[in-house]
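structure.txt, holding compact mmCIF, C-alpha atoms and all ligand atoms:
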```
# COMPACT_ATOMS: atom_id res chain seq x y z
CA MET A 1106 0.00 0.00 0.00
CA ILE A 1107 1.11 3.53 -0.79
CA LEU A 1108 -0.02 6.65 1.08
CA LEU A 1109 -0.07 9.69 -1.17
CA GLY A 1110 -0.92 13.27 -0.33
CA PRO A 1111 0.53 16.71 0.31
CA PRO A 1112 2.82 17.39 3.27
CA GLY A 1113 0.71 17.33 6.42
CA ALA A 1114 -2.14 15.31 4.90
CA GLY A 1115 -1.87 12.71 7.64
CA LYS A 1116 0.15 10.05 5.82
CA GLY A 1117 2.48 9.37 8.75
CA THR A 1118 -0.39 9.35 11.25
CA GLN A 1119 -2.40 6.83 9.22
CA ALA A 1120 0.66 4.74 8.37
CA ALA A 1121 1.55 4.30 12.05
CA ILE A 1122 -1.99 3.15 12.93
CA LEU A 1123 -2.35 0.87 9.88
CA SER A 1124 1.07 -0.66 10.50
CA GLN A 1125 -0.02 -1.74 14.00
CA THR A 1126 -3.41 -3.01 12.84
CA LEU A 1127 -2.21 -4.87 9.75
CA LYS A 1128 1.15 -5.92 11.26
CA ILE A 1129 3.18 -4.82 8.27
CA PRO A 1130 6.06 -2.32 8.39
CA HIS A 1131 5.65 1.44 8.01
CA ILE A 1132 8.31 2.71 5.63
CA SER A 1133 8.77 6.48 5.56
CA THR A 1134 11.53 7.88 3.38
CA GLY A 1135 11.25 11.11 5.39
CA ASP A 1136 11.89 9.18 8.64
CA ILE A 1137 14.87 7.40 7.07
CA PHE A 1138 16.35 10.75 5.96
CA ARG A 1139 15.74 12.30 9.40
CA ALA A 1140 17.41 9.34 11.16
CA ASN A 1141 20.43 9.79 8.87
CA ILE A 1142 20.55 13.53 9.52
CA LYS A 1143 20.45 12.89 13.27
CA SER A 1144 23.29 10.37 13.19
CA GLY A 1145 25.32 12.52 10.79
CA THR A 1146 25.79 10.04 7.93
CA GLU A 1147 26.91 11.14 4.47
CA LEU A 1148 23.38 10.47 3.19
CA GLY A 1149 22.01 12.68 5.97
CA VAL A 1150 24.32 15.57 5.07
CA ILE A 1151 23.24 15.44 1.41
CA ALA A 1152 19.52 14.97 2.17
CA LYS A 1153 19.45 17.87 4.63
CA ARG A 1154 20.43 20.36 1.93
CA TYR A 1155 17.29 19.52 -0.06
CA ILE A 1156 14.91 18.99 2.85
CA ASP A 1157 15.70 22.38 4.42
CA GLU A 1158 14.76 24.07 1.15
CA GLY A 1159 11.51 22.18 0.75
CA LYS A 1160 12.88 20.37 -2.31
CA LEU A 1161 12.94 16.66 -3.03
CA VAL A 1162 16.03 14.56 -2.44
CA PRO A 1163 17.27 13.35 -5.88
CA ASP A 1164 15.56 10.24 -7.26
CA ASP A 1165 18.68 8.02 -7.49
CA ILE A 1166 19.46 8.51 -3.79
CA THR A 1167 15.86 8.00 -2.70
CA ILE A 1168 15.31 4.91 -4.85
CA GLY A 1169 18.54 3.44 -3.46
CA ILE A 1170 17.42 3.67 0.14
CA VAL A 1171 14.00 2.17 -0.64
CA GLU A 1172 15.58 -0.73 -2.52
CA ASP A 1173 17.79 -1.40 0.52
CA ARG A 1174 14.90 -1.21 2.98
CA LEU A 1175 12.74 -3.63 0.97
CA LYS A 1176 15.43 -6.31 1.27
CA SER A 1177 14.55 -6.75 4.96
CA ASP A 1178 12.67 -9.91 5.96
CA ASP A 1179 9.85 -7.92 7.55
CA CYS A 1180 8.69 -6.72 4.11
CA ILE A 1181 7.74 -10.19 2.88
CA ASN A 1182 4.03 -9.86 3.71
CA GLY A 1183 3.64 -6.32 2.43
CA PHE A 1184 4.42 -2.82 3.65
CA ILE A 1185 3.04 0.68 3.91
CA MET A 1186 4.95 3.28 1.91
CA ASP A 1187 4.60 6.74 3.44
CA GLY A 1188 6.02 9.52 1.26
CA PHE A 1189 7.41 7.30 -1.48
CA PRO A 1190 7.11 7.46 -4.47
CA ARG A 1191 7.01 11.24 -4.86
CA THR A 1192 7.92 11.60 -8.55
CA ILE A 1193 6.96 9.76 -11.75
CA PRO A 1194 10.49 8.31 -12.18
CA GLN A 1195 10.34 7.00 -8.59
CA ALA A 1196 6.96 5.37 -9.30
CA GLU A 1197 8.26 3.75 -12.48
CA MET A 1198 11.37 2.43 -10.74
CA PHE A 1199 9.23 1.17 -7.86
CA ASP A 1200 6.99 -0.77 -10.28
CA GLN A 1201 10.07 -2.35 -11.84
CA MET A 1202 11.52 -3.18 -8.41
CA LEU A 1203 8.31 -4.95 -7.33
CA ASP A 1204 7.91 -6.67 -10.68
CA LYS A 1205 11.31 -8.33 -10.24
CA HIS A 1206 9.88 -10.05 -7.14
CA GLN A 1207 6.53 -10.88 -8.80
CA LYS A 1208 4.86 -8.23 -6.67
CA ALA A 1209 2.84 -5.10 -7.47
CA VAL A 1210 1.28 -2.09 -5.79
CA GLU A 1211 -2.12 -3.15 -4.43
CA LEU A 1212 -3.65 0.12 -3.23
CA VAL A 1213 -2.83 3.82 -3.38
CA VAL A 1214 -4.58 5.90 -0.73
CA ASN A 1215 -4.73 9.54 -1.81
CA ILE A 1216 -5.34 11.69 1.29
CA GLN A 1217 -6.81 15.03 0.23
CA VAL A 1218 -6.36 18.21 2.28
CA PRO A 1219 -6.58 21.79 0.91
CA ASP A 1220 -3.43 23.94 1.01
CA GLU A 1221 -4.95 26.45 3.46
CA ALA A 1222 -5.48 23.77 6.11
CA ILE A 1223 -1.97 22.44 5.76
CA ILE A 1224 -0.05 25.50 6.91
CA LYS A 1225 -2.08 25.50 10.14
CA ARG A 1226 -1.58 21.78 10.71
CA MET A 1227 2.17 21.90 10.28
CA SER A 1228 2.68 24.63 12.86
CA GLY A 1229 1.19 22.35 15.53
CA ARG A 1230 2.92 19.15 14.46
CA ARG A 1231 5.17 17.41 16.98
CA MET A 1232 7.28 14.39 16.07
CA CYS A 1233 8.82 11.46 17.89
CA ALA A 1234 11.96 9.70 16.68
CA CYS A 1235 10.01 6.38 16.85
CA GLY A 1236 7.83 7.45 13.90
CA ARG A 1237 4.71 8.66 15.73
CA THR A 1238 3.34 12.09 15.02
CA TYR A 1239 1.19 14.33 17.19
CA HIS A 1240 -0.56 17.68 16.97
CA VAL A 1241 -0.76 20.07 19.90
CA GLU A 1242 -4.51 20.58 19.37
CA ASN A 1243 -5.85 17.91 16.99
CA ASN A 1244 -3.98 14.90 18.33
CA PRO A 1245 -2.12 15.68 21.56
CA PRO A 1246 -0.07 13.10 23.50
CA GLN A 1247 -1.32 12.06 26.95
CA LYS A 1248 1.63 13.80 28.63
CA GLU A 1249 2.64 17.10 27.10
CA GLY A 1250 5.84 16.85 25.05
CA LEU A 1251 6.23 13.07 25.46
CA CYS A 1252 5.41 10.16 23.13
CA ASP A 1253 2.58 7.83 24.26
CA THR A 1254 4.27 4.81 22.66
CA CYS A 1255 7.91 5.11 23.68
CA GLY A 1256 8.11 8.02 26.15
CA GLY A 1257 10.53 9.88 23.85
CA THR A 1258 10.73 13.67 23.86
CA LEU A 1259 8.72 15.22 21.03
CA TYR A 1260 10.37 17.74 18.70
CA ILE A 1261 9.41 20.27 16.03
CA ARG A 1262 10.74 19.60 12.53
CA ASP A 1263 13.03 22.28 11.04
CA ASP A 1264 11.14 22.09 7.76
CA ASP A 1265 7.72 22.73 9.37
CA ARG A 1266 8.23 26.49 9.51
CA GLU A 1267 5.85 28.40 7.28
CA GLU A 1268 8.30 29.47 4.50
CA THR A 1269 9.48 25.89 4.03
CA VAL A 1270 5.95 24.49 4.10
CA ILE A 1271 4.99 26.88 1.26
CA GLU A 1272 7.97 25.57 -0.77
CA ARG A 1273 7.04 21.96 0.02
CA LEU A 1274 3.49 22.56 -1.19
CA LYS A 1275 4.85 23.95 -4.49
CA THR A 1276 7.09 20.91 -4.83
CA TYR A 1277 4.10 18.67 -4.14
CA HIS A 1278 1.91 20.27 -6.82
CA GLN A 1279 4.70 20.22 -9.43
CA GLN A 1280 6.31 16.84 -8.86
CA THR A 1281 4.10 14.59 -6.73
CA SER A 1282 0.47 15.34 -7.61
CA PRO A 1283 0.91 13.85 -11.16
CA LEU A 1284 1.20 10.48 -9.41
CA VAL A 1285 -2.55 10.50 -8.75
CA ALA A 1286 -3.22 10.22 -12.51
CA TYR A 1287 -0.40 7.68 -12.88
CA TYR A 1288 -2.06 5.33 -10.39
CA GLU A 1289 -5.61 6.19 -11.48
CA ALA A 1290 -4.70 4.82 -14.91
CA LYS A 1291 -3.93 1.56 -13.10
CA LYS A 1292 -7.23 1.76 -11.16
CA LEU A 1293 -5.46 1.65 -7.81
CA VAL A 1294 -6.52 4.93 -6.21
CA LEU A 1295 -8.73 5.30 -3.15
CA ASN A 1296 -9.46 9.00 -2.52
CA VAL A 1297 -10.07 9.88 1.13
CA ASP A 1298 -10.98 13.18 2.76
CA GLY A 1299 -8.07 14.05 5.05
CA MET A 1300 -10.11 16.74 6.84
CA LYS A 1301 -12.19 14.14 8.68
CA PRO A 1302 -11.23 12.88 12.13
CA ILE A 1303 -8.21 10.57 12.13
CA ASP A 1304 -10.14 7.40 13.12
CA GLU A 1305 -12.76 7.89 10.36
CA THR A 1306 -10.06 8.01 7.72
CA THR A 1307 -8.47 4.86 9.18
CA LYS A 1308 -11.84 3.06 8.97
CA GLU A 1309 -12.34 4.09 5.34
CA ILE A 1310 -8.94 2.72 4.41
CA LEU A 1311 -9.46 -0.57 6.28
CA THR A 1312 -12.85 -1.07 4.61
CA ALA A 1313 -11.24 -0.58 1.18
CA ILE A 1314 -8.56 -3.14 2.03
CA GLU A 1315 -11.15 -5.72 3.14
CA LYS A 1316 -12.91 -5.34 -0.20
CA LYS A 1317 -9.69 -6.11 -2.11
P1 LIG B 1401 5.80 15.16 4.77
O1 LIG B 1401 5.08 13.86 4.83
O2 LIG B 1401 5.42 16.08 5.86
O3 LIG B 1401 5.74 15.82 3.43
P2 LIG B 1401 8.24 13.58 4.84
O4 LIG B 1401 8.70 13.24 6.20
O5 LIG B 1401 7.58 12.55 4.04
O6 LIG B 1401 7.34 14.89 4.98
O7 LIG B 1401 9.45 14.15 3.98
C1 LIG B 1401 10.26 15.19 4.46
C2 LIG B 1401 11.23 15.62 3.35
O8 LIG B 1401 12.08 14.52 2.99
C3 LIG B 1401 10.54 16.02 2.04
O9 LIG B 1401 10.14 17.39 2.05
C4 LIG B 1401 11.66 15.74 1.03
O10 LIG B 1401 12.64 16.78 1.04
C5 LIG B 1401 12.32 14.49 1.59
N1 LIG B 1401 11.69 13.28 1.03
C6 LIG B 1401 10.90 12.39 1.67
N2 LIG B 1401 10.50 11.40 0.84
C7 LIG B 1401 11.04 11.69 -0.38
C8 LIG B 1401 10.99 11.07 -1.66
N3 LIG B 1401 10.27 9.95 -1.88
N4 LIG B 1401 11.68 11.66 -2.69
C9 LIG B 1401 12.40 12.76 -2.48
N5 LIG B 1401 12.50 13.40 -1.31
C10 LIG B 1401 11.83 12.88 -0.26
P1 LIG B 1402 2.15 13.74 6.71
O1 LIG B 1402 2.89 12.49 7.10
O2 LIG B 1402 1.23 13.53 5.55
O3 LIG B 1402 3.08 14.89 6.50
P2 LIG B 1402 1.21 13.79 9.47
O4 LIG B 1402 0.63 12.44 9.67
O5 LIG B 1402 2.52 14.08 10.08
O6 LIG B 1402 1.21 14.17 7.90
O7 LIG B 1402 0.13 14.86 9.98
C1 LIG B 1402 0.39 16.27 9.96
C2 LIG B 1402 -0.15 16.92 11.23
O8 LIG B 1402 -1.59 16.90 11.19
C3 LIG B 1402 0.22 16.20 12.52
O9 LIG B 1402 0.42 17.15 13.51
C4 LIG B 1402 -0.97 15.28 12.81
O10 LIG B 1402 -1.11 15.02 14.21
C5 LIG B 1402 -2.13 16.13 12.28
N1 LIG B 1402 -3.23 15.31 11.70
C6 LIG B 1402 -3.12 14.14 11.02
N2 LIG B 1402 -4.34 13.70 10.61
C7 LIG B 1402 -5.24 14.63 11.01
C8 LIG B 1402 -6.67 14.75 10.88
N3 LIG B 1402 -7.42 13.84 10.24
N4 LIG B 1402 -7.25 15.85 11.42
C9 LIG B 1402 -6.50 16.78 12.05
N5 LIG B 1402 -5.17 16.72 12.22
C10 LIG B 1402 -4.52 15.66 11.70
ZN ZN B 1403 7.81 7.60 20.25
```
File written out as structure tokens:
Amino acid sequence: MILLGPPGAGKGTQAAILSQTLKIPHISTGDIFRANIKSGTELGVIAKRYIDEGKLVPDDITIGIVEDRLKSDDCINGFIMDGFPRTIPQAEMFDQMLDKHQKAVELVVNIQVPDEAIIKRMSGRRMCACGRTYHVENNPPQKEGLCDTCGGTLYIRDDDREETVIERLKTYHQQTSPLVAYYEAKKLVLNVDGMKPIDETTKEILTAIEKK
């Protein structure tokens, strides 16, 4: 399954819940880049330059890390891609990658949220290094500033400031939104309204999976 949508649509939030429910891994290219930035790897240093400007990390680098991640044993029974693919070349490479293993994309969930709502959402977003995401008003943790799952200290992402969010939205409309048509041509798209409460969106997605 692929989760598609603009920055702040709720991809990470849904992916974390679905991963627990369906017992398949949540793979977020953004999380992989952030972990590399934190530990100071060469990949992290390169990725940071793009991420801080609201631009996409180049396709060859991004495809490489996904290819590596999919080699893990935990991916055998499926996985949830959060934030990948984000360009047409990435989607084409991903199809080829899966095809080599006699696999294919089964469902693409397109989470729709208007641009105006996104800027507001991002300013309240709080992240945990374990992959969970919170919002100070919409989805607060039980204890302020701490993760419900792992107790980790929540942080604000550097790229969630307003100027960068505006750049990321531009990048989304130019490079990522064409993927909706790409997957619609393959009849794989489930459109969901990302403005609904979190648990309603989760239910809609689970119902669509049951039907498959
Ligand atoms: P969000 O879901 O809020 O848009 P992510 O955590 O998915 O943010 O991504 C953060 C940043 O990491 C992106 O703005 C981009 O710079 C980079 N990134 C993540 N996934 C990809 C990808 N598939 N291709 C290129 N860059 C990516
Ligand atoms: P993405 O991974 O698409 O960038 P996130 O899952 O990180 O998006 O969500 C962005 C912010 O919006 C977070 O602070 C999250 O808690 C909040 N959020 C997610 N889904 C909803 C929703 N349905 N309604 C309101 N806020 C939401
Ligand atoms: Zn955590």
Margin query: Given all atoms listed in the file as the basis, pick out the residue of A:Leu1251, A:Ala1313, A:Ala1290, A:Ile1122 nearest to ligand ZN 1403 (chain B).
Written below: A:Leu1251
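The neighbours of Leu1259 (chain A) here are the residues that come within 9 Å of it, using only C-alpha atoms and leaving out any residue fewer than 2 positions away in the same chain; they are Arg1231, Met1232, Cys1233, Ala1234, Thr1238, Tyr1239, Glu1249, Gly1250, Leu1251, Cys1252, Gly1256, Gly1257 and Ile1261 of chain A.
CA of Ile1168 (chain A) lies 10.4 Å from CA of Arg1191 (chain A).
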Would you give the centre and edge lengths, in Å to one decimal, of a box along x, y and z around the listed atoms of ligand LIG 1401 (chain B), with 5 Å added to each side, as AutoDock Vina command-line options?
```
--center_x 8.9 --center_y 13.7 --center_z 1.8 --size_x 17.6 --size_y 17.4 --size_z 18.9
```
Sort by chain and increasing residue number a table of all residues of region 1276-1311 of chain A within 10 Å of region 1145-1162 of chain A, each with its closest pair of atoms and their distance in Å to one decimal, counting only C-alpha atoms, and write it as CSV.
```
residue,atom,partner,partner_atom,distance
A:Thr1276,CA,A:Lys1160,CA,6.3
A:Tyr1277,CA,A:Lys1160,CA,9.1
A:Gln1280,CA,A:Leu1161,CA,8.8
A:Thr1281,CA,A:Leu1161,CA,9.8
```
Next, dump the selected residues to file, keeping only C-alpha atoms, as a short mmCIF file (atom, residue, chain, number, x, y, z; two decimals), keeping the file's coordinate frame.
```cif
data_model
loop_
_atom_site.label_atom_id
_atom_site.label_comp_id
_atom_site.auth_asym_id
_atom_site.auth_seq_id
_atom_site.Cartn_x
_atom_site.Cartn_y
_atom_site.Cartn_z
CA THR A 1276 7.09 20.91 -4.83
CA TYR A 1277 4.10 18.67 -4.14
CA GLN A 1280 6.31 16.84 -8.86
CA THR A 1281 4.10 14.59 -6.73
#
```
Next item on the list: To one decimal in Å, tell me the separation between CA of Glu1242 (chain A) and atom N5 of ligand LIG 1402 (chain B).
Entry: 8.2 Å
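Straight-line separation from CA of Val1210 (chain A) to CA of Pro1194 (chain A): 15.3 Å.
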Next item on the list: Can you tell me which residues come within 9 Å of ligand LIG 1401 (chain B) when counting all atoms listed in the file, ideally as a VMD selection string?
Entry: chain A and resid 1109 to 1117 1133 to 1139 1152 to 1164 1166 to 1168 1171 1187 to 1192 1195 1227 1264 to 1265 1269 to 1270 1272 to 1274 1276 to 1277
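When only C-alpha atoms and all ligand atoms are used to measure the gap to ligand LIG 1402 (chain B), the shortest distance among A:Arg1262, A:Lys1301, A:Lys1275, A:Arg1174 belongs to A:Lys1301.
With distances restricted to all atoms listed in the file, A:Glu1211 is the closest residue to Lys1316 (chain A) from A:Glu1172, A:Glu1211, A:Asp1165, A:Asp1298.
The smallest atom-to-atom distance between ligand LIG 1402 (chain B) and any of A:Gly1169, A:Ala1286, A:Leu1123, A:Val1294, using all atoms listed in the file, is found for A:Leu1123.
Take the candidates A:Arg1237, A:Asn1243, A:Thr1258, A:Leu1212 and check each one against Leu1293 (chain A) using all atoms listed in the file; the shortest distance goes to A:Leu1212.
Between Asp1200 (chain A) and the residues A:Thr1307, A:Gln1217, A:Lys1128, A:Ile1107, the shortest atom-to-atom distance, using only C-alpha atoms, involves A:Ile1107.
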Next item on the list: Quick one: residues within 8 Å of (-0.3, -0.9, 4.8) (file frame), counting all atoms listed in the file, please, as a PyMOL selection string.
Entry: chain A and resi 1106-1107+1120+1123-1124+1127+1129-1131+1183-1186
Next item on the list: Write out as a ChimeraX atom specification each polymer residue whose atoms come within 7 Å of Leu1295 (chain A), counting only C-alpha atoms; drop sequence neighbours fewer than 6 positions from it.
Entry: /A:1213-1215
